[in-house]
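Next up, structure15.json (JSON, C-alpha atoms):
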```json
[["chain", "number", "residue", "atom", "x", "y", "z"],
["O", 225, "MET", "CA", 39.64, 2.88, 10.16],
["O", 226, "ARG", "CA", 36.76, 4.22, 8.19],
["O", 227, "GLN", "CA", 35.35, 1.72, 5.75],
["O", 228, "LYS", "CA", 35.14, 2.62, 2.09],
["O", 229, "PRO", "CA", 31.64, 2.61, 0.62],
["O", 230, "SER", "CA", 31.04, -0.79, -0.98],
["O", 231, "LYS", "CA", 30.48, -1.33, -4.69],
["O", 232, "ARG", "CA", 26.81, -2.02, -3.99],
["O", 233, "THR", "CA", 26.53, 1.17, -1.94],
["O", 234, "LEU", "CA", 27.99, 3.16, -4.82],
["O", 235, "ILE", "CA", 25.62, 1.50, -7.28],
["O", 236, "PHE", "CA", 22.56, 2.42, -5.24],
["O", 237, "THR", "CA", 23.88, 5.90, -4.56],
["O", 238, "SER", "CA", 24.32, 6.51, -8.28],
["O", 239, "ILE", "CA", 20.59, 6.00, -8.67],
["O", 240, "PHE", "CA", 19.91, 8.81, -6.20],
["O", 241, "LEU", "CA", 22.33, 11.00, -8.10],
["O", 242, "LEU", "CA", 20.15, 10.68, -11.15],
["O", 243, "LEU", "CA", 17.27, 12.06, -9.09],
["O", 244, "THR", "CA", 19.09, 15.12, -7.80],
["O", 245, "SER", "CA", 19.37, 17.08, -11.03],
["O", 246, "ILE", "CA", 23.10, 16.63, -11.44],
["O", 247, "PRO", "CA", 23.92, 17.82, -14.97],
["O", 248, "ILE", "CA", 24.57, 14.87, -17.22],
["O", 249, "LEU", "CA", 26.01, 15.11, -20.70],
["O", 250, "VAL", "CA", 25.07, 12.17, -22.88],
["O", 251, "LEU", "CA", 27.91, 11.55, -25.30],
["O", 252, "THR", "CA", 26.04, 9.10, -27.50],
["O", 253, "ILE", "CA", 22.99, 11.02, -28.72],
["O", 254, "LYS", "CA", 20.92, 9.32, -31.38],
["O", 255, "HIS", "CA", 17.41, 9.63, -32.67],
["O", 256, "ILE", "CA", 15.27, 7.00, -30.96],
["O", 257, "ASP", "CA", 12.14, 5.83, -32.74],
["O", 258, "SER", "CA", 8.94, 5.63, -30.73],
["O", 259, "ASP", "CA", 8.64, 1.87, -31.24],
["O", 260, "ILE", "CA", 11.54, 1.36, -28.83],
["O", 261, "TYR", "CA", 9.45, 2.75, -25.99],
["O", 262, "THR", "CA", 6.68, 0.20, -26.44],
["O", 263, "PRO", "CA", 6.84, -3.59, -26.50],
["O", 264, "PRO", "CA", 8.17, -4.62, -29.92],
["O", 265, "ASN", "CA", 5.78, -5.83, -32.59],
["O", 266, "LEU", "CA", 6.68, -9.49, -32.43],
["O", 267, "SER", "CA", 5.51, -10.11, -35.99],
["O", 268, "SER", "CA", 7.92, -7.52, -37.40],
["O", 269, "THR", "CA", 11.61, -7.89, -38.18],
["O", 270, "ILE", "CA", 14.37, -7.26, -35.65],
["O", 271, "PRO", "CA", 14.52, -3.51, -34.88],
["O", 272, "THR", "CA", 17.22, -1.03, -35.86],
["O", 273, "PRO", "CA", 20.12, -1.16, -33.37],
["O", 274, "TYR", "CA", 20.48, 1.63, -30.81],
["O", 275, "SER", "CA", 23.38, 1.95, -28.40],
["O", 276, "LEU", "CA", 23.03, 2.70, -24.71],
["O", 277, "PRO", "CA", 24.63, 6.09, -23.98],
["O", 278, "THR", "CA", 27.94, 6.74, -22.32],
["O", 279, "LYS", "CA", 27.36, 9.32, -19.58],
["O", 280, "VAL", "CA", 29.64, 12.08, -18.40],
["O", 281, "TYR", "CA", 29.31, 13.75, -15.02],
["O", 282, "GLY", "CA", 30.71, 17.20, -14.32],
["O", 283, "SER", "CA", 33.31, 17.44, -11.55],
["O", 284, "PRO", "CA", 34.59, 14.12, -10.16],
["O", 285, "SER", "CA", 35.22, 15.74, -6.77],
["O", 286, "PHE", "CA", 31.65, 17.06, -6.65],
["O", 287, "PHE", "CA", 30.41, 13.67, -7.81],
["O", 288, "ILE", "CA", 32.24, 11.89, -4.97],
["O", 289, "THR", "CA", 31.13, 14.51, -2.43],
["O", 290, "ILE", "CA", 27.48, 13.92, -3.32],
["O", 291, "PHE", "CA", 28.11, 10.16, -3.03],
["O", 292, "GLY", "CA", 29.30, 10.64, 0.54],
["O", 293, "GLN", "CA", 26.45, 12.94, 1.51],
["O", 294, "LEU", "CA", 23.80, 10.61, 0.14],
["O", 295, "PHE", "CA", 25.44, 7.57, 1.69],
["O", 296, "ARG", "CA", 25.32, 9.12, 5.14],
["O", 297, "LYS", "CA", 21.80, 10.42, 4.72],
["O", 298, "GLU", "CA", 20.25, 7.22, 3.42],
["O", 299, "ASN", "CA", 22.05, 4.88, 5.80],
["O", 300, "GLU", "CA", 22.32, 7.01, 8.92],
["O", 301, "SER", "CA", 20.11, 4.57, 10.86],
["O", 302, "ILE", "CA", 22.00, 1.48, 9.68],
["O", 303, "ASP", "CA", 25.64, 1.26, 10.62],
["O", 304, "PRO", "CA", 26.98, -2.14, 9.56],
["O", 305, "ASN", "CA", 29.80, -1.95, 12.10],
["O", 306, "ARG", "CA", 27.33, -1.35, 14.93],
["O", 307, "ILE", "CA", 25.38, -4.44, 13.91],
["O", 308, "ILE", "CA", 28.36, -6.57, 14.89],
["O", 309, "GLN", "CA", 29.31, -4.49, 17.92],
["O", 310, "ASP", "CA", 25.82, -4.06, 19.39],
["O", 311, "GLY", "CA", 24.09, -7.15, 18.05],
["O", 312, "GLU", "CA", 23.76, -10.55, 19.66],
["O", 313, "ARG", "CA", 24.37, -13.65, 17.60],
["O", 314, "VAL", "CA", 21.30, -15.78, 18.26],
["O", 315, "ALA", "CA", 21.50, -18.37, 15.49],
["O", 316, "GLU", "CA", 23.91, -19.78, 12.97],
["O", 317, "ASN", "CA", 24.26, -22.37, 10.25],
["O", 318, "PRO", "CA", 27.33, -23.30, 8.17],
["O", 319, "TYR", "CA", 26.86, -20.24, 5.95],
["O", 320, "MET", "CA", 25.25, -17.45, 7.97],
["O", 321, "ASP", "CA", 25.06, -15.87, 11.42],
["O", 322, "LEU", "CA", 21.85, -14.21, 12.55],
["O", 323, "TYR", "CA", 22.41, -11.13, 14.70],
["O", 324, "VAL", "CA", 19.68, -9.45, 16.72],
["O", 325, "VAL", "CA", 19.97, -5.73, 17.46],
["O", 326, "ASN", "CA", 17.81, -4.10, 20.15],
["O", 327, "ASP", "CA", 16.09, -7.47, 20.65],
["O", 328, "TYR", "CA", 14.32, -7.14, 17.28],
["O", 329, "ARG", "CA", 13.50, -10.62, 15.98],
["O", 330, "PRO", "CA", 10.40, -10.75, 13.76],
["O", 331, "VAL", "CA", 10.93, -14.40, 12.72],
["O", 332, "ASP", "CA", 11.07, -17.68, 14.56],
["O", 333, "ILE", "CA", 14.71, -18.52, 15.17],
["O", 334, "GLU", "CA", 14.46, -22.28, 14.56],
["O", 335, "TRP", "CA", 12.53, -21.70, 11.32],
["O", 336, "TRP", "CA", 15.17, -19.22, 10.24],
["O", 337, "LYS", "CA", 18.10, -21.55, 10.92],
["O", 338, "GLN", "CA", 16.66, -24.23, 8.69],
["O", 339, "GLU", "CA", 15.23, -22.09, 5.87],
["O", 340, "SER", "CA", 18.18, -19.70, 5.55],
["O", 341, "LYS", "CA", 20.50, -22.68, 5.05],
["O", 342, "LEU", "CA", 18.34, -23.90, 2.18],
["O", 343, "VAL", "CA", 18.26, -20.42, 0.63],
["O", 344, "TYR", "CA", 22.04, -20.19, 0.69],
["O", 345, "GLU", "CA", 22.47, -23.61, -0.91],
["O", 346, "TYR", "CA", 19.97, -22.69, -3.63],
["O", 347, "VAL", "CA", 21.65, -19.39, -4.50],
["O", 348, "SER", "CA", 25.09, -20.99, -4.33],
["O", 349, "GLU", "CA", 24.00, -23.60, -6.85],
["O", 350, "ARG", "CA", 22.63, -20.90, -9.14],
["O", 351, "PHE", "CA", 26.04, -19.22, -9.25],
["O", 352, "ASN", "CA", 27.93, -22.52, -9.23],
["O", 353, "THR", "CA", 30.25, -21.25, -6.52],
["O", 354, "THR", "CA", 30.49, -20.80, -2.75],
["O", 355, "LEU", "CA", 31.54, -18.00, -0.42],
["O", 356, "SER", "CA", 34.74, -18.21, 1.58],
["O", 357, "ASN", "CA", 33.31, -16.30, 4.57],
["O", 358, "LYS", "CA", 30.07, -16.51, 6.50],
["O", 359, "VAL", "CA", 27.43, -13.84, 5.96],
["O", 360, "ILE", "CA", 25.86, -11.86, 8.79],
["O", 361, "VAL", "CA", 22.10, -11.28, 8.60],
["O", 362, "THR", "CA", 19.98, -8.98, 10.77],
["O", 363, "PHE", "CA", 16.40, -7.71, 10.77],
["O", 364, "VAL", "CA", 15.26, -4.11, 11.17],
["O", 365, "PRO", "CA", 11.75, -2.61, 11.27],
["O", 366, "LEU", "CA", 9.96, -1.86, 8.02],
["O", 367, "ARG", "CA", 10.53, 1.53, 6.38],
["O", 368, "THR", "CA", 7.73, 3.67, 5.01],
["O", 369, "GLY", "CA", 7.52, 5.69, 1.80],
["O", 370, "ASN", "CA", 7.00, 5.13, -1.89],
["O", 371, "CYS", "CA", 10.33, 3.37, -2.34],
["O", 372, "ALA", "CA", 10.71, 1.59, 0.98],
["O", 373, "PRO", "CA", 13.49, -1.01, 0.75],
["O", 374, "ARG", "CA", 12.98, -4.67, 1.59],
["O", 375, "GLY", "CA", 16.66, -5.43, 2.03],
["O", 376, "THR", "CA", 20.16, -4.07, 1.60],
["O", 377, "THR", "CA", 23.66, -5.47, 1.70],
["O", 378, "PHE", "CA", 26.94, -4.04, 2.98],
["O", 379, "HIS", "CA", 30.33, -5.34, 1.91],
["O", 380, "GLU", "CA", 32.63, -4.31, 4.69],
["O", 381, "GLN", "CA", 35.15, -6.67, 6.31],
["O", 382, "GLN", "CA", 32.31, -9.18, 6.23],
["O", 383, "SER", "CA", 29.16, -9.15, 4.09],
["O", 384, "ILE", "CA", 26.15, -7.99, 6.11],
["O", 385, "ILE", "CA", 22.57, -8.40, 4.91],
["O", 386, "VAL", "CA", 19.82, -6.25, 6.41],
["O", 387, "ILE", "CA", 16.21, -7.37, 5.94],
["O", 388, "PHE", "CA", 13.36, -4.95, 6.57],
["O", 389, "ALA", "CA", 10.48, -6.93, 8.05],
["O", 390, "SER", "CA", 7.87, -7.16, 10.78],
["O", 391, "GLN", "CA", 6.05, -10.10, 12.34],
["O", 392, "GLU", "CA", 3.33, -9.56, 9.71],
["O", 393, "THR", "CA", 5.77, -9.89, 6.80],
["O", 394, "ASN", "CA", 5.05, -13.24, 5.15],
["O", 395, "HIS", "CA", 7.72, -15.91, 5.03],
["O", 396, "GLU", "CA", 7.80, -15.91, 1.24],
["O", 397, "GLN", "CA", 8.85, -12.25, 1.15],
["O", 398, "VAL", "CA", 11.48, -12.76, 3.85],
["O", 399, "LEU", "CA", 13.07, -15.69, 2.01],
["O", 400, "ALA", "CA", 12.87, -14.00, -1.41],
["O", 401, "THR", "CA", 14.53, -10.92, 0.06],
["O", 402, "LEU", "CA", 17.26, -13.03, 1.64],
["O", 403, "ALA", "CA", 17.85, -14.86, -1.66],
["O", 404, "HIS", "CA", 18.05, -11.56, -3.57],
["O", 405, "GLU", "CA", 20.49, -10.03, -1.09],
["O", 406, "LEU", "CA", 22.59, -13.20, -1.04],
["O", 407, "GLY", "CA", 22.67, -12.79, -4.81],
["O", 408, "HIS", "CA", 24.36, -9.43, -4.28],
["O", 409, "VAL", "CA", 26.96, -11.05, -2.02],
["O", 410, "PHE", "CA", 27.77, -13.66, -4.66],
["O", 411, "ILE", "CA", 27.88, -10.98, -7.39],
["O", 412, "HIS", "CA", 30.29, -8.93, -5.30],
["O", 413, "ASN", "CA", 32.59, -11.93, -4.98],
["O", 414, "LYS", "CA", 32.28, -13.36, -8.49],
["O", 415, "TYR", "CA", 31.82, -10.35, -10.79],
["O", 416, "GLU", "CA", 33.88, -7.55, -9.30],
["O", 417, "ASN", "CA", 33.58, -5.36, -12.44],
["O", 418, "LEU", "CA", 29.79, -5.59, -12.69],
["O", 419, "SER", "CA", 28.84, -2.02, -11.83],
["O", 420, "ASP", "CA", 25.63, -1.55, -13.85],
["O", 421, "VAL", "CA", 22.50, -1.10, -11.72],
["O", 422, "ALA", "CA", 20.04, -2.90, -14.00],
["O", 423, "LEU", "CA", 22.28, -5.91, -14.55],
["O", 424, "THR", "CA", 23.24, -6.13, -10.88],
["O", 425, "GLU", "CA", 19.65, -5.95, -9.63],
["O", 426, "GLY", "CA", 18.41, -8.24, -12.37],
["O", 427, "LEU", "CA", 21.08, -10.84, -11.64],
["O", 428, "ALA", "CA", 20.36, -10.71, -7.90],
["O", 429, "THR", "CA", 16.66, -11.25, -8.67],
["O", 430, "TRP", "CA", 17.53, -14.10, -11.04],
["O", 431, "ALA", "CA", 19.51, -15.63, -8.16],
["O", 432, "ALA", "CA", 16.33, -15.63, -6.05],
["O", 433, "GLY", "CA", 14.63, -17.79, -8.71],
["O", 434, "ASP", "CA", 12.17, -20.18, -7.07],
["O", 435, "TYR", "CA", 11.95, -17.99, -3.97],
["O", 436, "TRP", "CA", 10.92, -15.00, -6.07],
["O", 437, "GLU", "CA", 8.28, -17.16, -7.79],
["O", 438, "ALA", "CA", 6.96, -18.44, -4.45],
["O", 439, "TRP", "CA", 6.61, -14.86, -3.24],
["O", 440, "LYS", "CA", 5.18, -13.27, -6.40],
["O", 441, "GLY", "CA", 3.13, -16.21, -7.61],
["O", 442, "TYR", "CA", 4.68, -16.32, -11.10],
["O", 443, "ASP", "CA", 7.96, -17.29, -12.70],
["O", 444, "PHE", "CA", 10.04, -14.70, -14.55],
["O", 445, "ASN", "CA", 8.84, -15.45, -18.07],
["O", 446, "SER", "CA", 5.17, -15.79, -17.12],
["O", 447, "GLY", "CA", 5.43, -12.49, -15.28],
["O", 448, "VAL", "CA", 6.85, -10.73, -18.33],
["O", 449, "LYS", "CA", 4.10, -12.08, -20.58],
["O", 450, "ALA", "CA", 1.49, -10.96, -18.04],
["O", 451, "PHE", "CA", 3.00, -7.47, -17.95],
["O", 452, "ILE", "CA", 2.77, -7.19, -21.74],
["O", 453, "ASP", "CA", -0.79, -8.53, -21.85],
["O", 454, "SER", "CA", -1.90, -6.11, -19.12],
["O", 455, "GLY", "CA", -0.11, -3.10, -20.64],
["O", 456, "THR", "CA", 2.26, -2.68, -17.69],
["O", 457, "TYR", "CA", 5.42, -3.90, -19.43],
["O", 458, "LEU", "CA", 8.35, -1.49, -19.03],
["O", 459, "PRO", "CA", 10.75, -1.71, -22.00],
["O", 460, "LEU", "CA", 14.26, -2.47, -20.84],
["O", 461, "PHE", "CA", 16.00, -0.22, -23.35],
["O", 462, "SER", "CA", 14.18, 2.94, -22.29],
["O", 463, "ASN", "CA", 14.29, 2.10, -18.58],
["O", 464, "PHE", "CA", 17.78, 0.68, -18.28],
["O", 465, "ASP", "CA", 18.85, 3.44, -15.89],
["O", 466, "MET", "CA", 16.23, 2.03, -13.44],
["O", 467, "LYS", "CA", 15.26, 5.58, -12.48],
["O", 468, "ILE", "CA", 11.54, 4.85, -12.19],
["O", 469, "ALA", "CA", 12.33, 1.91, -9.90],
["O", 470, "TYR", "CA", 13.81, 4.24, -7.29],
["O", 471, "ASP", "CA", 11.78, 7.43, -7.75],
["O", 472, "ASN", "CA", 10.69, 8.45, -4.25],
["O", 473, "ASN", "CA", 8.18, 10.89, -5.72],
["O", 474, "SER", "CA", 6.26, 8.17, -7.55],
["O", 475, "SER", "CA", 3.52, 6.14, -5.91],
["O", 476, "LYS", "CA", 4.30, 3.41, -8.47],
["O", 477, "CYS", "CA", 7.93, 3.13, -7.41],
["O", 478, "ILE", "CA", 7.79, -0.33, -5.84],
["O", 479, "LYS", "CA", 5.45, -1.67, -8.52],
["O", 480, "ASN", "CA", 7.80, -0.40, -11.24],
["O", 481, "ARG", "CA", 10.78, -1.86, -9.38],
["O", 482, "ASP", "CA", 9.24, -5.33, -9.18],
["O", 483, "ILE", "CA", 8.30, -5.22, -12.86],
["O", 484, "LEU", "CA", 11.80, -4.20, -13.95],
["O", 485, "LEU", "CA", 13.48, -6.68, -11.62],
["O", 486, "THR", "CA", 11.33, -9.50, -12.98],
["O", 487, "GLU", "CA", 11.92, -8.44, -16.58],
["O", 488, "THR", "CA", 15.69, -8.08, -16.18],
["O", 489, "ALA", "CA", 15.97, -11.42, -14.39],
["O", 490, "SER", "CA", 14.08, -13.08, -17.24],
["O", 491, "PHE", "CA", 16.26, -11.29, -19.80],
["O", 492, "ILE", "CA", 19.47, -12.42, -18.07],
["O", 493, "ASP", "CA", 18.18, -15.98, -17.99],
["O", 494, "TYR", "CA", 17.49, -15.75, -21.74],
["O", 495, "LEU", "CA", 21.04, -14.53, -22.43],
["O", 496, "SER", "CA", 22.48, -17.33, -20.31],
["O", 497, "GLN", "CA", 20.38, -20.04, -21.94],
["O", 498, "ASN", "CA", 20.92, -18.86, -25.52],
["O", 499, "TYR", "CA", 24.46, -17.47, -25.50],
["O", 500, "GLY", "CA", 26.08, -19.28, -22.59],
["O", 501, "VAL", "CA", 27.42, -18.35, -19.18],
["O", 502, "GLU", "CA", 30.84, -17.42, -20.54],
["O", 503, "LYS", "CA", 29.47, -14.67, -22.79],
["O", 504, "LEU", "CA", 27.27, -13.43, -19.98],
["O", 505, "SER", "CA", 30.35, -13.23, -17.76],
["O", 506, "ASN", "CA", 32.06, -11.21, -20.50],
["O", 507, "LEU", "CA", 29.16, -8.76, -20.41],
["O", 508, "PHE", "CA", 29.55, -8.43, -16.65],
["O", 509, "ASP", "CA", 33.27, -7.68, -17.04],
["O", 510, "MET", "CA", 32.46, -4.05, -17.79],
["O", 511, "LYS", "CA", 34.74, -1.20, -18.68],
["O", 512, "GLN", "CA", 35.07, 0.75, -15.46],
["O", 513, "PRO", "CA", 34.31, 4.48, -15.00],
["O", 514, "GLU", "CA", 37.25, 6.81, -15.45],
["O", 515, "VAL", "CA", 38.11, 10.49, -15.18],
["O", 516, "ILE", "CA", 38.77, 12.29, -18.48],
["O", 517, "ASN", "CA", 39.39, 16.04, -18.62],
["O", 518, "ASN", "CA", 38.21, 16.36, -15.02],
["O", 519, "GLN", "CA", 34.93, 14.66, -15.83],
["O", 520, "ARG", "CA", 33.75, 11.25, -14.68],
["O", 521, "VAL", "CA", 32.87, 9.01, -17.63],
["O", 522, "VAL", "CA", 30.53, 6.07, -16.98],
["O", 523, "TYR", "CA", 30.33, 3.40, -19.66],
["O", 524, "PRO", "CA", 27.29, 1.19, -20.35],
["O", 525, "PRO", "CA", 27.50, -2.61, -20.72],
["O", 526, "ASP", "CA", 28.65, -3.47, -24.24],
["O", 527, "PHE", "CA", 25.92, -5.78, -25.54],
["O", 528, "LYS", "CA", 27.04, -5.32, -29.15],
["O", 529, "GLU", "CA", 30.61, -6.40, -28.44],
["O", 530, "VAL", "CA", 29.57, -9.50, -26.51],
["O", 531, "PHE", "CA", 26.45, -10.70, -28.34],
["O", 532, "GLY", "CA", 26.66, -9.00, -31.73],
["O", 533, "LEU", "CA", 23.36, -7.21, -31.08],
["O", 534, "GLU", "CA", 22.39, -4.06, -29.19],
["O", 535, "LEU", "CA", 20.16, -4.20, -26.10],
["O", 536, "ASN", "CA", 17.00, -3.16, -27.96],
["O", 537, "GLN", "CA", 17.55, -5.96, -30.50],
["O", 538, "LEU", "CA", 18.22, -8.54, -27.81],
["O", 539, "GLU", "CA", 15.12, -7.34, -25.99],
["O", 540, "TYR", "CA", 13.06, -8.04, -29.12],
["O", 541, "MET", "CA", 14.52, -11.54, -29.51],
["O", 542, "TRP", "CA", 13.94, -12.31, -25.83],
["O", 543, "LEU", "CA", 10.28, -11.23, -25.89],
["O", 544, "LYS", "CA", 9.70, -13.19, -29.08],
["O", 545, "SER", "CA", 11.09, -16.31, -27.41],
["O", 546, "ILE", "CA", 8.75, -15.84, -24.43],
["O", 547, "TYR", "CA", 5.70, -15.64, -26.67],
["O", 548, "HIS", "CA", 6.74, -18.70, -28.67],
["O", 549, "THR", "CA", 7.30, -20.63, -25.43],
["O", 550, "ASN", "CA", 3.90, -19.66, -24.03],
["O", 551, "GLN", "CA", 1.88, -20.35, -27.16]]
```
As structure tokens:
Amino acid sequence: MRQKPSKRTLIFTSIFLLLTSIPILVLTIKHIDSDIYTPPNLSSTIPTPYSLPTKVYGSPSFFITIFGQLFRKENESIDPNRIIQDGERVAENPYMDLYVVNDYRPVDIEWWKQESKLVYEYVSERFNTTLSNKVIVTFVPLRTGNCAPRGTTFHEQQSIIVIFASQETNHEQVLATLAHELGHVFIHNKYENLSDVALTEGLATWAAGDYWEAWKGYDFNSGVKAFIDSGTYLPLFSNFDMKIAYDNNSSKCIKNRDILLTETASFIDYLSQNYGVEKLSNLFDMKQPEVINNQRVVYPPDFKEVFGLELNQLEYMWLKSIYHTNQ
């Protein structure tokens, strides 16, 4: 039986759709002041609220057809079912099985058995839950290009994590990638209605926590402050579609992705610390896309309903808290 594309697959595919000139009608069109596109003036008052737009795509059937075409094109060299069928299980711990395909094993097996167990336990504690099934992990050679992936996750009959690495890939990157992808597995199991790209990727990065810091050399908040001080900060409100993080035509694609992932992880941590996990869970329980008048309507996360403030206002409060903390 053919497997349905997973929620994560659809999320990533939607990013590619935004890059293929599919006509998009923005229902919520408002004038946006220029100060939203730059880091807020932290000495000023909280900015005017602006809502994220609801988006409408033309024909649902065409929309789904493009999904299928892009899914096959982007993943034609990675068939999750073949990983199990053709791979050899060479290591395991209570939470994960390591499969080797075509004898490709760029990490030491004994090191992997020990470290992957610790990564799982760390991410599990972050989400305060466990998984009912073991996760399969495999390694494949590095990809090239402006937006080369470091990892991806499939949610078929069993969650399968693919890590792109070589023998030269440092251990910190391998473990941070594993922690991030495990974050996606936990998200898939805990927040089934979380379909927003920025929140999903930010939460998965937040899940990586200490492993992300060990790899990048900075924690989330320190990274955000450094981005602002260096002029590389990417405002969340104007980049919430994450388009620049997956733009294959941009040589800054991966740099932009890491900046936005760090920022969104820090922002999610701020919401959790200041408003509580329950409200954050309410944000993740998003209104799902639907078809209206033969058009596919995609709703944004409702920050105003959950927190009483729009995203651009919350962004201001979050950045202000970072500067006060680091003074």
Write out as a PyMOL selection string each polymer residue whose atoms come within 7 Å of Ile387 of chain O, counting only C-alpha atoms; drop sequence neighbours fewer than 2 positions from it.
-> chain O and resi 362-364+374-376+385+389
So that each row is one residue of segment 415-454 of chain O with an atom at most 12 Å from segment 334-355 of chain O, can you give its shortest atom pair and the distance in Å to one decimal, using only C-alpha atoms, rows by chain and rising number, as JSON lines?
```
{"residue": "O:Tyr415", "atom": "CA", "partner": "O:Phe351", "partner_atom": "CA", "distance": 10.7}
{"residue": "O:Leu427", "atom": "CA", "partner": "O:Phe351", "partner_atom": "CA", "distance": 10.0}
{"residue": "O:Ala428", "atom": "CA", "partner": "O:Val347", "partner_atom": "CA", "distance": 9.4}
{"residue": "O:Thr429", "atom": "CA", "partner": "O:Val347", "partner_atom": "CA", "distance": 10.4}
{"residue": "O:Trp430", "atom": "CA", "partner": "O:Arg350", "partner_atom": "CA", "distance": 8.7}
{"residue": "O:Ala431", "atom": "CA", "partner": "O:Val347", "partner_atom": "CA", "distance": 5.7}
{"residue": "O:Ala432", "atom": "CA", "partner": "O:Val347", "partner_atom": "CA", "distance": 6.7}
{"residue": "O:Gly433", "atom": "CA", "partner": "O:Val347", "partner_atom": "CA", "distance": 8.3}
{"residue": "O:Asp434", "atom": "CA", "partner": "O:Tyr346", "partner_atom": "CA", "distance": 8.9}
{"residue": "O:Tyr435", "atom": "CA", "partner": "O:Val343", "partner_atom": "CA", "distance": 8.2}
{"residue": "O:Trp436", "atom": "CA", "partner": "O:Val343", "partner_atom": "CA", "distance": 11.3}
```
Go through O:Asn518, O:Asn472, O:Ser490, O:Asn417 and flag the residue nearest Asn506 of chain O, using all atoms listed in the file for the distances.
->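 The shortest atom-to-atom distance to Asn506 of chain O comes from O:Asn417.
Distances here use only C-alpha atoms; by that measure, the residue among O:Ser390, O:Gln497, O:Gln519, O:Gln381 closest to Ile308 of chain O is O:Gln381.
Here atom CA of Pro513 of chain O stands at a distance of 13.3 Å from atom CA of Pro277 of chain O.
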What does the distance between atom CA of Leu402 of chain O and atom CA of Lys511 of chain O come to in Å, to one decimal place?
->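 One can read the atom CA of Leu402 of chain O to atom CA of Lys511 of chain O distance as 29.3 Å.
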Pro273 of chain O environment, 10 Å, only C-alpha atoms, sequence neighbours closer than 5 positions dropped, as a list in words | Ile256, Lys528, Leu533, Glu534, Leu535, Asn536, Gln537 and Leu538 of chain O
Using all atoms listed in the file: which of O:Val521, O:Val386, O:Ile302, O:Ala489 has the shortest distance to Glu425 of chain O | O:Ala489
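Atom to atom, atom CA of Gly282 of chain O and atom CA of Leu418 of chain O stand 22.9 Å apart.
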Rank nothing, just name the residue among O:Ala450, O:Leu399, O:Ala422, O:Leu406 nearest to Phe378 of chain O, using only C-alpha atoms.
-> O:Leu406
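Minimum atom-to-atom distances from O:Val398, O:Val448, O:Ile307, O:Val280 to Ile546 of chain O were compared using all atoms listed in the file, and the lowest value belongs to O:Val448.
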Supply segment 445-458 of chain O as an mmCIF file, in the frame of the given file, with N, CA and C atoms built in where the input has gaps.
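Okay, this is what ended up in out_27.cif:
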```cif
data_model
loop_
_atom_site.group_PDB
_atom_site.id
_atom_site.type_symbol
_atom_site.label_atom_id
_atom_site.label_comp_id
_atom_site.auth_asym_id
_atom_site.auth_seq_id
_atom_site.Cartn_x
_atom_site.Cartn_y
_atom_site.Cartn_z
ATOM 1 N N ASN O 445 9.387 -15.576 -16.725
ATOM 2 C CA ASN O 445 8.840 -15.450 -18.070
ATOM 3 C C ASN O 445 7.325 -15.244 -18.072
ATOM 4 N N SER O 446 6.622 -15.971 -17.211
ATOM 5 C CA SER O 446 5.170 -15.790 -17.120
ATOM 6 C C SER O 446 4.831 -14.380 -16.654
ATOM 7 N N GLY O 447 5.642 -13.852 -15.745
ATOM 8 C CA GLY O 447 5.430 -12.490 -15.280
ATOM 9 C C GLY O 447 5.584 -11.488 -16.399
ATOM 10 N N VAL O 448 6.628 -11.656 -17.216
ATOM 11 C CA VAL O 448 6.850 -10.730 -18.330
ATOM 12 C C VAL O 448 5.683 -10.776 -19.305
ATOM 13 N N LYS O 449 5.229 -11.962 -19.652
ATOM 14 C CA LYS O 449 4.100 -12.080 -20.580
ATOM 15 C C LYS O 449 2.852 -11.418 -19.991
ATOM 16 N N ALA O 450 2.643 -11.583 -18.691
ATOM 17 C CA ALA O 450 1.490 -10.960 -18.040
ATOM 18 C C ALA O 450 1.602 -9.440 -18.071
ATOM 19 N N PHE O 451 2.810 -8.915 -17.898
ATOM 20 C CA PHE O 451 3.000 -7.470 -17.950
ATOM 21 C C PHE O 451 2.631 -6.929 -19.341
ATOM 22 N N ILE O 452 3.068 -7.634 -20.374
ATOM 23 C CA ILE O 452 2.770 -7.190 -21.740
ATOM 24 C C ILE O 452 1.267 -7.261 -21.997
ATOM 25 N N ASP O 453 0.646 -8.352 -21.605
ATOM 26 C CA ASP O 453 -0.790 -8.530 -21.850
ATOM 27 C C ASP O 453 -1.622 -7.503 -21.098
ATOM 28 N N SER O 454 -1.140 -7.077 -19.930
ATOM 29 C CA SER O 454 -1.900 -6.110 -19.120
ATOM 30 C C SER O 454 -1.521 -4.662 -19.418
ATOM 31 N N GLY O 455 -0.528 -4.462 -20.295
ATOM 32 C CA GLY O 455 -0.110 -3.100 -20.640
ATOM 33 C C GLY O 455 0.794 -2.457 -19.612
ATOM 34 N N THR O 456 1.377 -3.248 -18.710
ATOM 35 C CA THR O 456 2.260 -2.680 -17.690
ATOM 36 C C THR O 456 3.737 -2.957 -17.963
ATOM 37 N N TYR O 457 4.024 -3.599 -19.085
ATOM 38 C CA TYR O 457 5.420 -3.900 -19.430
ATOM 39 C C TYR O 457 6.229 -2.610 -19.545
ATOM 40 N N LEU O 458 7.443 -2.633 -18.976
ATOM 41 C CA LEU O 458 8.350 -1.490 -19.030
ATOM 42 C C LEU O 458 9.549 -1.866 -19.881
#
```
